[in-house]
Each structure stands twice: as structure tokens, then as C-alpha cells.
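Visitor: What follows is protein_6.csv, CSV, N, CA and C atoms and all ligand atoms.
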chain,number,residue,atom,x,y,z
I,1,MET,N,105.2,67.2,155.4
I,1,MET,CA,105.1,67.1,156.8
I,1,MET,C,105.3,65.7,157.3
I,2,LYS,N,106.1,65.6,158.4
I,2,LYS,CA,106.4,64.2,158.9
I,2,LYS,C,105.2,63.7,159.8
I,3,LYS,N,105.1,62.4,160.0
I,3,LYS,CA,104.1,61.9,160.9
I,3,LYS,C,104.5,62.3,162.3
I,4,LEU,N,103.5,62.5,163.1
I,4,LEU,CA,103.8,63.0,164.5
I,4,LEU,C,104.7,62.0,165.2
I,5,GLU,N,104.4,60.7,165.0
I,5,GLU,CA,105.2,59.6,165.7
I,5,GLU,C,106.7,59.8,165.3
I,6,GLU,N,106.9,60.1,164.1
I,6,GLU,CA,108.3,60.2,163.6
I,6,GLU,C,109.0,61.4,164.3
I,7,LEU,N,108.3,62.5,164.4
I,7,LEU,CA,108.8,63.7,165.0
I,7,LEU,C,109.1,63.5,166.5
I,8,ILE,N,108.2,62.8,167.1
I,8,ILE,CA,108.4,62.4,168.6
I,8,ILE,C,109.7,61.6,168.7
I,9,GLN,N,109.9,60.6,167.8
I,9,GLN,CA,111.1,59.8,167.9
I,9,GLN,C,112.3,60.6,167.7
I,10,ILE,N,112.3,61.6,166.8
I,10,ILE,CA,113.4,62.5,166.6
I,10,ILE,C,113.7,63.3,167.9
I,11,ALA,N,112.7,63.8,168.5
I,11,ALA,CA,112.9,64.5,169.7
I,11,ALA,C,113.4,63.6,170.8
I,12,LEU,N,112.9,62.4,170.9
I,12,LEU,CA,113.4,61.5,172.0
I,12,LEU,C,114.9,61.2,171.7
I,13,ASP,N,115.2,60.9,170.5
I,13,ASP,CA,116.6,60.5,170.2
I,13,ASP,C,117.6,61.7,170.5
I,14,ASN,N,117.0,62.9,170.2
I,14,ASN,CA,117.8,64.1,170.3
I,14,ASN,C,118.2,64.5,171.8
I,15,LYS,N,117.4,63.8,172.7
I,15,LYS,CA,117.7,64.1,174.1
I,15,LYS,C,119.2,63.8,174.5
I,16,GLU,N,119.8,62.9,173.7
I,16,GLU,CA,121.2,62.5,174.1
I,16,GLU,C,122.1,63.7,173.7
I,17,ASN,N,121.7,64.7,173.0
I,17,ASN,CA,122.6,65.8,172.7
I,17,ASN,C,122.5,66.9,173.8
I,18,SER,N,121.5,66.7,174.7
I,18,SER,CA,121.4,67.7,175.8
I,18,SER,C,122.8,67.9,176.5
I,19,TYR,N,123.1,69.2,176.7
I,19,TYR,CA,124.3,69.5,177.5
I,19,TYR,C,123.8,69.9,178.9
I,20,SER,N,123.7,69.0,179.8
I,20,SER,CA,123.1,69.3,181.1
I,20,SER,C,123.9,68.7,182.2
I,21,PRO,N,125.2,69.0,182.3
I,21,PRO,CA,126.1,68.4,183.3
I,21,PRO,C,125.8,68.9,184.7
I,22,TYR,N,125.0,69.9,184.9
I,22,TYR,CA,124.7,70.5,186.3
I,22,TYR,C,123.4,70.0,186.8
I,23,SER,N,122.4,70.0,186.0
I,23,SER,CA,121.1,69.6,186.5
I,23,SER,C,120.9,68.1,186.2
I,24,HIS,N,121.6,67.6,185.2
I,24,HIS,CA,121.4,66.2,184.8
I,24,HIS,C,119.9,66.0,184.3
I,25,PHE,N,119.3,67.1,183.9
I,25,PHE,CA,117.9,67.0,183.4
I,25,PHE,C,117.9,67.3,181.9
I,26,ARG,N,117.6,66.4,181.1
I,26,ARG,CA,117.7,66.6,179.6
I,26,ARG,C,116.3,67.0,179.1
I,27,VAL,N,116.4,68.0,178.2
I,27,VAL,CA,115.2,68.5,177.5
I,27,VAL,C,115.6,68.5,176.0
I,28,SER,N,114.6,68.1,175.2
I,28,SER,CA,114.8,68.1,173.7
I,28,SER,C,113.5,68.7,173.1
I,29,ALA,N,113.7,69.5,172.1
I,29,ALA,CA,112.5,70.0,171.4
I,29,ALA,C,112.8,69.9,169.9
I,30,VAL,N,111.8,69.7,169.1
I,30,VAL,CA,111.8,69.7,167.7
I,30,VAL,C,110.7,70.5,167.2
I,31,VAL,N,111.1,71.5,166.3
I,31,VAL,CA,110.0,72.4,165.7
I,31,VAL,C,109.9,72.0,164.2
I,32,GLU,N,108.7,72.0,163.8
I,32,GLU,CA,108.5,71.7,162.3
I,32,GLU,C,107.8,73.0,161.8
I,33,THR,N,108.4,73.5,160.7
I,33,THR,CA,107.8,74.7,160.1
I,33,THR,C,106.6,74.3,159.2
I,34,LYS,N,105.8,75.3,158.9
I,34,LYS,CA,104.6,75.0,158.1
I,34,LYS,C,105.0,74.4,156.7
I,35,ASP,N,106.2,74.7,156.2
I,35,ASP,CA,106.6,74.1,155.0
I,35,ASP,C,107.5,72.9,155.1
I,36,GLY,N,107.5,72.3,156.3
I,36,GLY,CA,108.1,71.0,156.5
I,36,GLY,C,109.5,70.9,156.9
I,37,HIS,N,110.1,72.0,157.3
I,37,HIS,CA,111.5,71.9,157.8
I,37,HIS,C,111.5,71.6,159.3
I,38,ILE,N,112.6,70.9,159.6
I,38,ILE,CA,112.7,70.5,161.0
I,38,ILE,C,114.0,71.1,161.7
I,39,PHE,N,113.8,71.6,162.9
I,39,PHE,CA,114.9,72.1,163.6
I,39,PHE,C,114.9,71.5,165.0
I,40,LYS,N,116.1,71.1,165.5
I,40,LYS,CA,116.2,70.4,166.8
I,40,LYS,C,116.9,71.3,167.8
I,41,GLY,N,116.5,71.2,169.0
I,41,GLY,CA,117.2,71.9,170.1
I,41,GLY,C,117.3,71.1,171.4
I,42,VAL,N,118.2,71.4,172.2
I,42,VAL,CA,118.4,70.8,173.5
I,42,VAL,C,118.7,71.9,174.5
I,43,ASN,N,118.5,71.6,175.8
I,43,ASN,CA,119.0,72.5,176.8
I,43,ASN,C,120.5,72.5,176.8
I,44,ILE,N,121.1,73.7,177.0
I,44,ILE,CA,122.5,73.8,177.0
I,44,ILE,C,122.9,74.6,178.2
I,45,GLU,N,123.5,74.0,179.2
I,45,GLU,CA,123.8,74.6,180.5
I,45,GLU,C,125.2,75.2,180.5
I,46,ASN,N,125.5,75.9,181.5
I,46,ASN,CA,126.8,76.7,181.6
I,46,ASN,C,127.2,76.7,183.1
I,47,ALA,N,128.6,76.7,183.2
I,47,ALA,CA,129.1,76.8,184.6
I,47,ALA,C,128.6,78.0,185.3
I,48,SER,N,128.3,79.1,184.6
I,48,SER,CA,127.5,80.2,185.1
I,48,SER,C,126.0,79.9,185.0
I,49,TYR,N,125.4,79.3,186.0
I,49,TYR,CA,124.1,78.6,185.8
I,49,TYR,C,123.1,79.4,185.0
I,50,PRO,N,122.9,80.7,185.3
I,50,PRO,CA,121.7,81.4,184.7
I,50,PRO,C,121.9,81.6,183.2
I,51,VAL,N,123.1,81.3,182.7
I,51,VAL,CA,123.4,81.5,181.2
I,51,VAL,C,122.7,80.4,180.4
I,52,ALA,N,122.3,79.3,181.0
I,52,ALA,CA,121.7,78.2,180.3
I,52,ALA,C,120.5,78.6,179.4
I,53,ILE,N,120.4,77.8,178.3
I,53,ILE,CA,119.3,78.0,177.4
I,53,ILE,C,118.5,76.8,177.4
I,54,CYS,N,117.1,76.9,177.4
I,54,CYS,CA,116.2,75.7,177.4
I,54,CYS,C,116.2,75.1,176.0
I,55,GLY,N,115.8,73.9,175.9
I,55,GLY,CA,115.6,73.2,174.7
I,55,GLY,C,114.7,73.8,173.7
I,56,GLU,N,113.6,74.3,174.2
I,56,GLU,CA,112.6,74.9,173.3
I,56,GLU,C,113.1,76.2,172.6
I,57,ARG,N,113.8,77.0,173.4
I,57,ARG,CA,114.3,78.3,172.8
I,57,ARG,C,115.5,77.9,171.9
I,58,SER,N,116.2,76.9,172.2
I,58,SER,CA,117.4,76.5,171.4
I,58,SER,C,116.9,76.0,170.0
I,59,ALA,N,115.8,75.3,170.0
I,59,ALA,CA,115.2,74.8,168.7
I,59,ALA,C,114.7,76.0,167.9
I,60,LEU,N,114.0,76.9,168.6
I,60,LEU,CA,113.4,78.1,167.9
I,60,LEU,C,114.5,79.0,167.4
I,61,ALA,N,115.5,79.2,168.2
I,61,ALA,CA,116.6,80.1,167.8
I,61,ALA,C,117.2,79.6,166.5
I,62,GLY,N,117.4,78.3,166.4
I,62,GLY,CA,118.0,77.7,165.2
I,62,GLY,C,117.1,77.9,164.0
I,63,ALA,N,115.8,77.8,164.2
I,63,ALA,CA,114.8,77.9,163.1
I,63,ALA,C,114.8,79.4,162.6
I,64,VAL,N,114.6,80.3,163.6
I,64,VAL,CA,114.5,81.7,163.2
I,64,VAL,C,115.8,82.2,162.6
I,65,SER,N,117.0,81.7,163.1
I,65,SER,CA,118.3,82.1,162.5
I,65,SER,C,118.4,81.6,161.1
I,66,ALA,N,117.7,80.5,160.7
I,66,ALA,CA,117.8,80.0,159.4
I,66,ALA,C,116.7,80.7,158.5
I,67,GLY,N,115.9,81.5,159.1
I,67,GLY,CA,114.9,82.3,158.2
I,67,GLY,C,113.5,81.7,158.3
I,68,TYR,N,113.2,80.9,159.3
I,68,TYR,CA,111.9,80.3,159.4
I,68,TYR,C,111.2,80.8,160.6
I,69,LYS,N,110.0,81.3,160.4
I,69,LYS,CA,109.2,81.9,161.5
I,69,LYS,C,107.8,81.4,161.6
I,70,ASP,N,107.4,80.5,160.7
I,70,ASP,CA,106.0,80.0,160.7
I,70,ASP,C,106.0,78.5,161.1
I,71,PHE,N,105.4,78.2,162.2
I,71,PHE,CA,105.6,76.9,162.8
I,71,PHE,C,104.3,76.1,162.8
I,72,ALA,N,104.4,74.9,162.4
I,72,ALA,CA,103.2,74.0,162.5
I,72,ALA,C,103.1,73.4,163.8
I,73,ARG,N,104.2,72.9,164.4
I,73,ARG,CA,104.2,72.3,165.7
I,73,ARG,C,105.6,72.2,166.4
I,74,ILE,N,105.5,72.0,167.6
I,74,ILE,CA,106.8,71.8,168.4
I,74,ILE,C,106.5,70.5,169.3
I,75,ILE,N,107.5,69.7,169.3
I,75,ILE,CA,107.5,68.5,170.2
I,75,ILE,C,108.5,68.8,171.3
I,76,ILE,N,108.0,68.6,172.5
I,76,ILE,CA,108.9,68.8,173.7
I,76,ILE,C,108.9,67.6,174.5
I,77,THR,N,110.1,67.1,174.9
I,77,THR,CA,110.3,66.0,175.7
I,77,THR,C,111.4,66.2,176.7
I,78,GLY,N,111.3,65.6,177.9
I,78,GLY,CA,112.3,65.8,178.9
I,78,GLY,C,112.4,64.6,179.8
I,79,ASP,N,113.2,64.8,180.8
I,79,ASP,CA,113.4,63.6,181.7
I,79,ASP,C,112.3,63.4,182.8
I,80,SER,N,111.3,64.3,182.8
I,80,SER,CA,110.2,64.0,183.7
I,80,SER,C,109.0,63.6,182.9
I,81,LYS,N,108.0,63.0,183.6
I,81,LYS,CA,106.8,62.7,182.9
I,81,LYS,C,106.1,64.0,182.6
I,82,ASP,N,105.7,64.3,181.3
I,82,ASP,CA,105.0,65.5,180.9
I,82,ASP,C,105.9,66.7,181.2
I,83,THR,N,107.0,66.9,180.5
I,83,THR,CA,107.9,68.0,180.7
I,83,THR,C,107.3,69.2,180.0
I,84,TYR,N,106.7,70.1,180.7
I,84,TYR,CA,106.1,71.3,180.1
I,84,TYR,C,107.1,72.4,180.0
I,85,PRO,N,106.9,73.3,179.1
I,85,PRO,CA,107.8,74.5,178.9
I,85,PRO,C,107.7,75.4,180.1
I,86,CYS,N,108.9,76.0,180.4
I,86,CYS,CA,108.9,77.0,181.5
I,86,CYS,C,108.3,78.3,181.0
I,87,GLY,N,108.1,79.2,181.9
I,87,GLY,CA,107.4,80.5,181.6
I,87,GLY,C,108.1,81.3,180.5
I,88,VAL,N,109.5,81.3,180.6
I,88,VAL,CA,110.3,82.1,179.7
I,88,VAL,C,110.0,81.5,178.3
I,89,CYS,N,110.1,80.1,178.2
I,89,CYS,CA,109.9,79.5,176.9
I,89,CYS,C,108.5,79.7,176.3
I,90,ARG,N,107.5,79.7,177.2
I,90,ARG,CA,106.1,80.0,176.8
I,90,ARG,C,106.0,81.4,176.1
I,91,GLN,N,106.6,82.4,176.8
I,91,GLN,CA,106.6,83.7,176.2
I,91,GLN,C,107.4,83.7,174.9
I,92,PHE,N,108.5,83.0,174.8
I,92,PHE,CA,109.3,83.0,173.6
I,92,PHE,C,108.5,82.4,172.5
I,93,MET,N,107.8,81.3,172.8
I,93,MET,CA,107.0,80.6,171.7
I,93,MET,C,105.9,81.5,171.3
I,94,ALA,N,105.3,82.2,172.2
I,94,ALA,CA,104.1,83.0,171.9
I,94,ALA,C,104.4,84.1,170.9
I,95,GLU,N,105.7,84.5,170.8
I,95,GLU,CA,106.1,85.5,169.8
I,95,GLU,C,105.8,85.0,168.4
I,96,PHE,N,106.0,83.7,168.2
I,96,PHE,CA,105.9,83.1,166.8
I,96,PHE,C,104.7,82.2,166.5
I,97,PHE,N,104.2,81.6,167.6
I,97,PHE,CA,103.1,80.6,167.3
I,97,PHE,C,101.8,81.3,167.1
I,98,ASP,N,101.0,80.7,166.2
I,98,ASP,CA,99.6,81.2,166.0
I,98,ASP,C,98.6,80.2,166.6
I,99,GLN,N,97.3,80.4,166.4
I,99,GLN,CA,96.3,79.6,167.0
I,99,GLN,C,96.3,78.2,166.5
I,100,ASP,N,97.0,77.9,165.4
I,100,ASP,CA,97.0,76.6,164.8
I,100,ASP,C,98.3,75.8,165.2
I,101,THR,N,99.3,76.5,165.7
I,101,THR,CA,100.5,75.8,166.1
I,101,THR,C,100.2,74.8,167.2
I,102,GLU,N,100.6,73.5,167.0
I,102,GLU,CA,100.4,72.5,168.0
I,102,GLU,C,101.7,72.4,168.9
I,103,ILE,N,101.4,72.4,170.2
I,103,ILE,CA,102.5,72.2,171.2
I,103,ILE,C,102.3,70.8,171.8
I,104,VAL,N,103.2,69.9,171.5
I,104,VAL,CA,103.0,68.5,171.8
I,104,VAL,C,104.0,68.2,173.0
I,105,ILE,N,103.5,67.8,174.1
I,105,ILE,CA,104.3,67.4,175.3
I,105,ILE,C,104.3,65.8,175.2
I,106,ALA,N,105.5,65.3,174.9
I,106,ALA,CA,105.6,63.9,174.6
I,106,ALA,C,106.4,63.1,175.6
I,107,ASN,N,105.9,62.0,176.1
I,107,ASN,CA,106.6,61.0,176.9
I,107,ASN,C,107.1,59.9,176.0
I,108,SER,N,106.4,59.5,175.0
I,108,SER,CA,106.7,58.4,174.1
I,108,SER,C,105.9,58.6,172.8
I,109,LYS,N,106.1,57.8,171.8
I,109,LYS,CA,105.4,57.9,170.6
I,109,LYS,C,103.9,57.7,170.8
I,110,THR,N,103.5,57.1,171.9
I,110,THR,CA,102.1,56.8,172.1
I,110,THR,C,101.5,57.5,173.3
I,111,ASP,N,102.3,58.2,174.0
I,111,ASP,CA,101.9,58.9,175.2
I,111,ASP,C,102.3,60.4,175.1
I,112,TYR,N,101.3,61.2,174.7
I,112,TYR,CA,101.6,62.6,174.5
I,112,TYR,C,100.3,63.4,174.6
I,113,LYS,N,100.5,64.7,174.8
I,113,LYS,CA,99.3,65.6,174.9
I,113,LYS,C,99.6,66.8,174.0
I,114,THR,N,98.5,67.3,173.4
I,114,THR,CA,98.7,68.5,172.5
I,114,THR,C,97.9,69.7,173.0
I,115,TYR,N,98.6,70.8,172.9
I,115,TYR,CA,98.0,72.1,173.4
I,115,TYR,C,98.1,73.2,172.4
I,116,THR,N,97.4,74.2,172.6
I,116,THR,CA,97.6,75.5,171.8
I,116,THR,C,98.3,76.4,172.7
I,117,MET,N,98.9,77.5,172.0
I,117,MET,CA,99.6,78.5,172.8
I,117,MET,C,98.7,79.2,173.8
I,118,GLU,N,97.5,79.4,173.4
I,118,GLU,CA,96.5,80.1,174.3
I,118,GLU,C,96.2,79.3,175.5
I,119,GLU,N,96.2,78.0,175.4
I,119,GLU,CA,96.0,77.1,176.6
I,119,GLU,C,97.2,77.2,177.5
I,120,LEU,N,98.4,77.3,177.0
I,120,LEU,CA,99.6,77.3,177.9
I,120,LEU,C,100.0,78.7,178.3
I,121,LEU,N,99.6,79.7,177.6
I,121,LEU,CA,99.9,81.1,178.0
I,121,LEU,C,98.7,82.0,177.7
I,122,PRO,N,97.6,81.9,178.5
I,122,PRO,CA,96.5,82.8,178.2
I,122,PRO,C,96.8,84.3,178.6
I,123,HIS,N,96.1,85.2,178.0
I,123,HIS,CA,96.2,86.6,178.3
I,123,HIS,C,97.7,87.1,178.2
I,124,SER,N,98.4,86.7,177.2
I,124,SER,CA,99.8,87.0,177.2
I,124,SER,C,100.1,88.4,176.7
I,125,PHE,N,101.2,88.9,177.1
I,125,PHE,CA,101.7,90.2,176.5
I,125,PHE,C,102.3,89.9,175.2
I,126,SER,N,102.0,90.6,174.2
I,126,SER,CA,102.6,90.3,172.9
I,126,SER,C,102.7,91.6,172.0
I,127,LYS,N,103.1,91.4,170.8
I,127,LYS,CA,103.3,92.5,169.9
I,127,LYS,C,102.1,93.3,169.7
I,128,LYS,N,100.9,92.7,169.9
I,128,LYS,CA,99.6,93.4,169.7
I,128,LYS,C,99.6,94.6,170.8
I,129,ASP,N,100.2,94.4,171.9
I,129,ASP,CA,100.2,95.4,172.9
I,129,ASP,C,101.1,96.6,172.5
I,130,LEU,N,102.0,96.4,171.7
I,130,LEU,CA,103.0,97.5,171.3
I,130,LEU,C,102.5,98.3,170.1
I,131,GLY,N,101.3,97.9,169.6
I,131,GLY,CA,100.6,98.7,168.6
I,131,GLY,C,101.2,98.6,167.2
M,1,LIG,N1,114.7,73.3,180.8
M,1,LIG,C1,114.4,73.3,179.5
M,1,LIG,O1,115.2,73.1,178.7
M,1,LIG,N2,113.1,73.7,179.2
M,1,LIG,C2,112.1,74.1,180.0
M,1,LIG,O2,111.1,74.6,179.6
M,1,LIG,C3,112.3,73.9,181.5
M,1,LIG,C4,113.7,73.6,181.9
M,1,LIG,C5,116.0,72.9,181.2
M,1,LIG,C6,116.8,74.1,181.8
M,1,LIG,C7,117.9,73.3,182.6
M,1,LIG,O3,118.9,73.0,181.8
M,1,LIG,C8,117.2,72.0,183.0
M,1,LIG,O4,116.0,71.9,182.2
M,1,LIG,C9,116.8,72.0,184.5
M,1,LIG,O5,116.0,73.2,184.8
As a first step, turn the structure in this file into C-alpha cells.
Ligand code: THU

Guide:
Amino acid sequence: MKKLEELIQIALDNKENSYSPYSHFRVSAVVETKDGHIFKGVNIENASYPVAICGERSALAGAVSAGYKDFARIIITGDSKDTYPCGVCRQFMAEFFDQDTEIVIANSKTDYKTYTMEELLPHSFSKKDLG
């Protein structure tokens, strides 16, 4: 497992890969699996605006596509102070995150806040509802 500060730095550096020519708002996310693998994501926009994918889902899609579904933490950073995940990304994360997965909203290596999935999406609809 990497140090949190190191993961935050990776997420901050990765913002430059954001493809956001329409909003000019960059989002970067880094997920770390429970066995220490790292996957990076950015928001990727499209001329057909609704087609865009957020940074958080971009990172998770890469991880799940590579066969990883157990996550220790996600670092999220964007161009605003305290860039929180949108509702769609919260639902997407809730599919995979457990009560121990840390969601870190980072502005810098020393300025960040950590949340649980339950704090960001209480009373969620999930696989438990489908029996
Ligand atoms: N965005 C994300 O990447 N993650 C979020 O959770 C919120 C919004 C992106 C989508 C779009 O490319 C830009 O930020 C402005 O909405």
C-alpha cells in the first residue's frame, strides 16, 4: 500500500490527463485496490456533451476491467476546492465499496477529507435490494 500523500500526488499529477475541452473543469481519481494496485482515471468529455464520463467512474472502469473489485480507497481531486463526486459516481462507487473503503477528497497533500460510502450515499439502493 502506498502512503496517502503519495496517492494524492499521483491524483494531482494525473489531472493533466483530463480531457475536458468543453467544461475546462479537470477531475482526476486514483483507486487503490486492497492488494495494492493503482488505477487512474480522469473525466473524458465528448462533443455530444452527455456522453462524458467522470474521473471516478473512469478510474473504477479501468480497475474492474482489469479484474479488480476490492478497493481500499479512492482519491478524488478536481479544479474546485473539495471536488465531491456527483450522484451518478456515488451510486457507481457504492456498487463496489464496502464500509472500510476510504473516499478521500483532496485539495493537496496536506488538505483533504476522508469519508465512508455510507456518509456520501446513505440509504442507497444496492444489490441487497435485488435479493
Ligand atoms: N465531473 C467528474 O469527473 N466527476 C464528478 O463527480 C463531477 C463532475 C466532471 C464531468 C465534466 O467533465 C466536468 O466534471 C464538469 O461537470

Visitor: Ranking I:Tyr84, I:Tyr115, I:Phe71, I:Phe125 by minimum distance to ligand LIG 1 (chain M) and counting only C-alpha atoms and all ligand atoms, which one comes first?

Guide: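 Answer, going by the shortest atom-to-atom distance: I:Tyr84.
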
Visitor: Please identify all protein, DNA and RNA residues within 7 Å of ligand LIG 1 (chain M), counting only N, CA and C atoms and all ligand atoms, and report them as a list in words.

Guide: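 After applying the 7 Å limit, what remains is Tyr19, Ser20, Ser23, His24, Phe25, Arg26, Val27, Ser28, Val42, Asn43, Ile44, Glu45, Ala52, Ile53, Cys54, Gly55, Glu56, Arg57, Thr83, Tyr84, Pro85, Cys86, Gly87, Val88, Cys89 and Arg90 of chain I.
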
Visitor: Atom N of Val104 (chain I) and CA of Glu119 (chain I) are how many Å apart?

Guide: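 If I compute the distance from atom N of Val104 (chain I) to CA of Glu119 (chain I), I get 11.4 Å.
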
Visitor: Nearest residue to Val30 (chain I) out of I:Phe96, I:Ile75, I:Ala63, I:Tyr68, using only N, CA and C atoms?

Guide: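 The answer is I:Ile75, which sits nearest to Val30 (chain I).
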
Visitor: To one decimal in Å, tell me the separation between CA of Asp111 (chain I) and atom C of Lys2 (chain I).

Guide: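 Straight-line distance from CA of Asp111 (chain I) to atom C of Lys2 (chain I) works out to 16.5 Å.
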
Visitor: Have a look at atom N of Asp70 (chain I) and CA of Leu7 (chain I) and let me know their distance in Å, one decimal.

Guide: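 Separating atom N of Asp70 (chain I) from CA of Leu7 (chain I) is a distance of 17.4 Å.
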
Visitor: Neighbouring residues of region 108-110 of chain I were defined as those with any atom within 6 Å, considering all atoms listed in the file; residues of the same chain fewer than 3 positions away were excluded. Please report them as a PDB file with N, CA and C atoms, in the frame of the given file.

Guide:
ATOM      1  N   GLU I   5     104.400  60.700 165.000  1.00  0.00           N
ATOM      2  CA  GLU I   5     105.200  59.600 165.700  1.00  0.00           C
ATOM      3  C   GLU I   5     106.700  59.800 165.300  1.00  0.00           C
ATOM      4  N   ILE I   8     108.200  62.800 167.100  1.00  0.00           N
ATOM      5  CA  ILE I   8     108.400  62.400 168.600  1.00  0.00           C
ATOM      6  C   ILE I   8     109.700  61.600 168.700  1.00  0.00           C
ATOM      7  N   GLN I   9     109.900  60.600 167.800  1.00  0.00           N
ATOM      8  CA  GLN I   9     111.100  59.800 167.900  1.00  0.00           C
ATOM      9  C   GLN I   9     112.300  60.600 167.700  1.00  0.00           C
TER      10      GLN I   9
END

Visitor: I'd like the contact shell of Asp82 (chain I) - 9 Å cut-off, only C-alpha atoms, skipping same-chain residues fewer than 5 positions apart - returned as a list of chain:residue names.

Guide: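 Result of the neighbour search: I:Ile76, I:Thr77, I:Ile105, I:Ala106, I:Asn107, I:Tyr112, I:Lys113.
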